[in-house]
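> The structure that follows is given in the form of structure tokens.
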Amino acid sequence: AHLWFGLFIRQLVMVEKLKGFFLVLLVVLLSAVFALQFGGGQAEGCAAGGGSYLARVYDQTLTRGDFEAAYSVANFGRLPEETQRSMQLPELVLNGLIDRTLLAREAREVGFEVTADEVMARFVNDGVILLSLGVGAPPMLPQGEIPVSFTDKDGAFNKDLAERYIQNGLRRSVGEFAEAQVDEYLAARMRDLVASTVQVSDAEVWDDFVRENDTATIKFVRFSPAYFAKQKPETTKAARDAWMADHAERLQAEYDANKHRYTNLEKQVRARHILVKAGSYASAEQKAEAKKKAEALQKKAAAGADFAELARKNSGDQITAKKGGDIGFLKKGTMPESFDEALFSMEVGEISGVVETPYGYHVIEVLSIREGDVPVEEAKAELAEDLYRADWLEARAQKAAAEALMAWRGDGGDDAVEKLLAALTASVGDSALAPTLEETAEFGRADTPVPGLSTAALLDSVFALTEGETLPEAPVKLGREWLIFRMIDRTRPDEAAFTESVRSTTREVLETFKKKETVDLYIQQLRAKATADKALRVKPLPTQDGRS
């Protein structure tokens, strides 16, 4: 192969200088020699790892040597190992080899042919190696045509440099290198064939121009259900039972998803507690005062006072205080030892004495005890509490949003909305979630005007407004939040700016994106078919030390 490669290079250089009949004759002879050489045993690779397969695609095997050669062409090995892993470069290279093999197989099926002498001539004359990476590879990574140069100081092609690159840099024989490039060129032709089916209509070009040039600026207020969490739904058991009947399917789905929480349980106790804080930082005086307050609260609870109300007004555990001190069902070992000891020695309805923990002094009331399997109806009733409350909070947010939108529709404008929001804060309380009037930067149809929210519905509502409209018909639902907005500026596409040059550029960009999407989808379909045919087998990638 070494002697032949030198002859092949010298003949290619001569080809550039010959014309007419002699050029044709030499190419024919060269092709015959090339085919004989690459078909023989001397073309077989002997690179380390060359026989260790990583994937099988129908009747073709992709070896570790194939993988390492492609990895070297991309120069990924020069990057820090952490970068290689975080960018999933090994996976992208292996998937690229699989995609290339599938595409090349399809190319042969439709009648495409590429010879080894053609790809080697391109390698020598143009200094190009083709490389496929897997679908989804970032566009900044090296793929497609990779430029290489094997010239001496005088700019002449140096066959020894090229040969050393193939055999030492890629650890491939010339024959293996050429065979891989044949598949790359066939895959490229198949990509071109699939991409050629893409057509972009004039309407699509205009729509894309509109998307890029239709912008808006809005003022908005978002209403989060979590903001109203301090408020408690005022409802009767009959109302909750009616809600459960109306949402039977939703409740069943919730139970199915959470069934593990209600079956084969170790003993659990549901309780309320009141905490009077006196942590390790507290002085002896502070601890004595806290204990005295806890004893007074315990006496009130034991005498029949509303435990939940006592907790809401007095508990230092701010999270559970909002729920009347309810800490839910607890397994043994969840709370400090002294708390557990008291909790798991009590009966339902019993109120503890004052219990000291590292957090301070507690008074505990046991609400219920369960063990083993919880009856289905009981489990659903518990789930319904949370779902009903979530729905109530969302409805509360929607109602507040609708009221604020009505204020916007009145004569008061922004001032009326600000006044309403201030009143809401006064009644519900201030927090980071309190609704406030905000303004976006200019945004387009593909942007995210409100960070942290999926705003597709908002974009639809904003850009659906006709000339002269500034407000939506109703609040916009984004996840479980509700949002209202007022248009303060709108820049619509200018047909006069849609010149032939802009139209051509827009079409070109749109075609590029559509072609890539179409080709990627085609490759995914090929992989799905190979998987269904049980003709695709992929082994774990090797680690740096060679282990799989």
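How things are named: the first chain in the structure tokens is A, the next is B, and so on; residues count from 1 in each chain; ligands count from 1 in the order shown.
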Which residues are close to range 459-475 of chain A, i.e. within 12 Å by only C-alpha atoms, leaving aside same-chain residues fewer than 2 positions away? Reply as a PyMOL selection string.
chain A and resi 210-211+213-223+395+397-410+413+443-450+453-457+477-478+481-493
> Got time to write the residues from that selection, C-alpha atoms, as a short mmCIF file (atom, residue, chain, number, x, y, z; two decimals), in the first residue's frame?

data_model
loop_
_atom_site.label_atom_id
_atom_site.label_comp_id
_atom_site.auth_asym_id
_atom_site.auth_seq_id
_atom_site.Cartn_x
_atom_site.Cartn_y
_atom_site.Cartn_z
CA VAL A 210 -43.10 38.85 9.29
CA ARG A 211 -41.87 36.73 12.21
CA ASN A 213 -39.85 41.98 11.68
CA ASP A 214 -43.06 42.06 13.73
CA THR A 215 -42.09 43.33 17.20
CA ALA A 216 -43.89 44.61 20.26
CA THR A 217 -43.38 46.10 23.70
CA ILE A 218 -45.91 45.51 26.45
CA LYS A 219 -46.65 46.32 30.06
CA PHE A 220 -47.81 43.29 32.00
CA VAL A 221 -48.83 41.93 35.38
CA ARG A 222 -48.49 38.26 36.27
CA PHE A 223 -50.63 36.63 38.97
CA ALA A 395 -59.07 30.53 40.33
CA ALA A 397 -55.24 34.32 40.62
CA GLN A 398 -57.50 34.31 37.56
CA LYS A 399 -60.12 36.42 39.34
CA ALA A 400 -57.52 38.98 40.43
CA ALA A 401 -56.12 39.13 36.88
CA ALA A 402 -59.59 39.68 35.40
CA GLU A 403 -60.26 42.50 37.88
CA ALA A 404 -56.97 44.17 37.01
CA LEU A 405 -57.72 43.87 33.30
CA MET A 406 -61.08 45.55 33.89
CA ALA A 407 -59.27 48.36 35.70
CA TRP A 408 -57.04 48.77 32.65
CA ARG A 409 -60.09 48.99 30.42
CA GLY A 410 -61.41 51.90 32.47
CA GLY A 413 -55.15 53.37 32.80
CA PHE A 443 -39.53 41.35 21.45
CA GLY A 444 -40.47 39.37 18.38
CA ARG A 445 -42.61 36.35 17.67
CA ALA A 446 -39.80 33.91 18.52
CA ASP A 447 -38.64 35.59 21.74
CA THR A 448 -39.39 35.02 25.44
CA PRO A 449 -40.66 38.38 26.72
CA VAL A 450 -41.29 37.20 30.31
CA LEU A 453 -42.41 31.35 31.80
CA SER A 454 -43.34 29.40 28.70
CA THR A 455 -44.81 32.33 26.79
CA ALA A 456 -46.12 30.79 23.55
CA ALA A 457 -49.72 31.61 24.51
CA LYS A 477 -53.05 31.43 31.08
CA LEU A 478 -49.35 30.52 31.24
CA GLU A 481 -50.21 31.50 36.28
CA TRP A 482 -52.39 34.22 34.75
CA LEU A 483 -51.08 37.29 32.98
CA ILE A 484 -52.60 40.48 31.65
CA PHE A 485 -50.87 42.93 29.32
CA ARG A 486 -51.25 46.23 27.53
CA MET A 487 -49.57 46.93 24.19
CA ILE A 488 -47.49 50.09 24.38
CA ASP A 489 -45.64 49.79 21.07
CA ARG A 490 -45.95 47.69 17.94
CA THR A 491 -43.70 47.70 14.87
CA ARG A 492 -45.33 45.88 12.00
CA PRO A 493 -43.50 44.51 8.94
#
> So that I can see what lies close to Val376 in chain A, please list as a PDB file with C-alpha atoms, in the first residue's frame the residues with an atom at most 9 Å from it, counting only C-alpha atoms and leaving out residues fewer than 2 positions away in the same chain.

ATOM      1  CA  TYR A 255     -54.041   8.305  42.613  1.00  0.00           C
ATOM      2  CA  LYS A 259     -50.300   4.846  44.638  1.00  0.00           C
ATOM      3  CA  TYR A 262     -50.533   4.705  50.061  1.00  0.00           C
ATOM      4  CA  ASP A 373     -52.494  -0.037  52.851  1.00  0.00           C
ATOM      5  CA  VAL A 374     -54.536   3.149  52.994  1.00  0.00           C
ATOM      6  CA  GLU A 378     -59.241   7.826  51.960  1.00  0.00           C
ATOM      7  CA  ALA A 379     -56.167   8.252  49.746  1.00  0.00           C
ATOM      8  CA  LYS A 380     -58.224  10.025  47.082  1.00  0.00           C
ATOM      9  CA  ALA A 381     -59.756  12.325  49.673  1.00  0.00           C
TER      10      ALA A 381
END
> Might you pull out every residue within 12 Å of Leu170 in chain A, with only C-alpha atoms counted and same-chain residues fewer than 5 positions away left off, and present them as a VMD selection string?
chain A and resid 45 to 48 50 64 to 75 77 129 162 to 165 176 to 177 180
> Write out as number ranges by chain which residues come within 10 Å of Tyr58 in chain A when counting only C-alpha atoms, dropping same-chain ones fewer than 3 positions away.
A: 55, 61, 101-102, 105, 530-531, 533-537
> How many Å separate CA of Phe150 in chain A from CA of Val124 in chain A?
8.4 Å
> Using only C-alpha atoms, can you tell me which of A:Pro225, A:Pro451, A:Gly353, A:Pro358 comes closest to Ala434 in chain A?
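When distances to Ala434 in chain A are compared using only C-alpha atoms, the smallest one comes from A:Pro225.
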> From the set A:Gly324, A:Gly134, A:Pro80, A:Gly360, which residue has the shortest atom-to-atom contact distance to Gln231 in chain A, counting only C-alpha atoms?
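Counting only C-alpha atoms, the residue closest to Gln231 in chain A is A:Gly324.
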> Which parts of range 345-497 of chain A does DSSP call strand (DSSP E) when run on the backbone here, written out as a ChimeraX atom specification?
/A:355-357,360-372,438-439,443-444,476-478,481-491
> Show me, as CSV, the residues of range 163-229 of chain A having an atom within 10 Å of range 511-514 of chain A, each with the closest atom pair and its distance in Å, using only C-alpha atoms.

residue,atom,partner,partner_atom,distance
A:Ala195,CA,A:Lys514,CA,8.3
A:Val198,CA,A:Lys514,CA,7.0
A:Gln199,CA,A:Glu511,CA,7.4
A:Val200,CA,A:Glu511,CA,6.4
A:Ser201,CA,A:Glu511,CA,9.9
A:Val205,CA,A:Glu511,CA,9.3
> To one decimal in Å, tell me the separation between CA of Arg370 in chain A and CA of Gln268 in chain A.
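Interatomic distance, CA of Arg370 in chain A to CA of Gln268 in chain A: 5.4 Å.
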> Show me, as a PyMOL selection string, the residues that have an atom within 10 Å of Lys287 in chain A when counting only C-alpha atoms, minus same-chain residues fewer than 4 positions from it.
chain A and resi 276-283+291-293+360-361
> Write out as a ChimeraX atom specification each polymer residue whose atoms come within 12 Å of Lys322 in chain A, counting only C-alpha atoms; drop sequence neighbours fewer than 3 positions from it.
/A:228-232,272-274,308-319,325-327
> Tell me which protein, DNA and RNA residues are within 9 Å of range 243-249 of chain A, counting only C-alpha atoms, leaving out same-chain ones fewer than 2 positions away, and put them as JSON, numbers by chain.
{"A": [238, 239, 240, 241, 251, 252, 253, 254, 380, 381, 384, 388]}
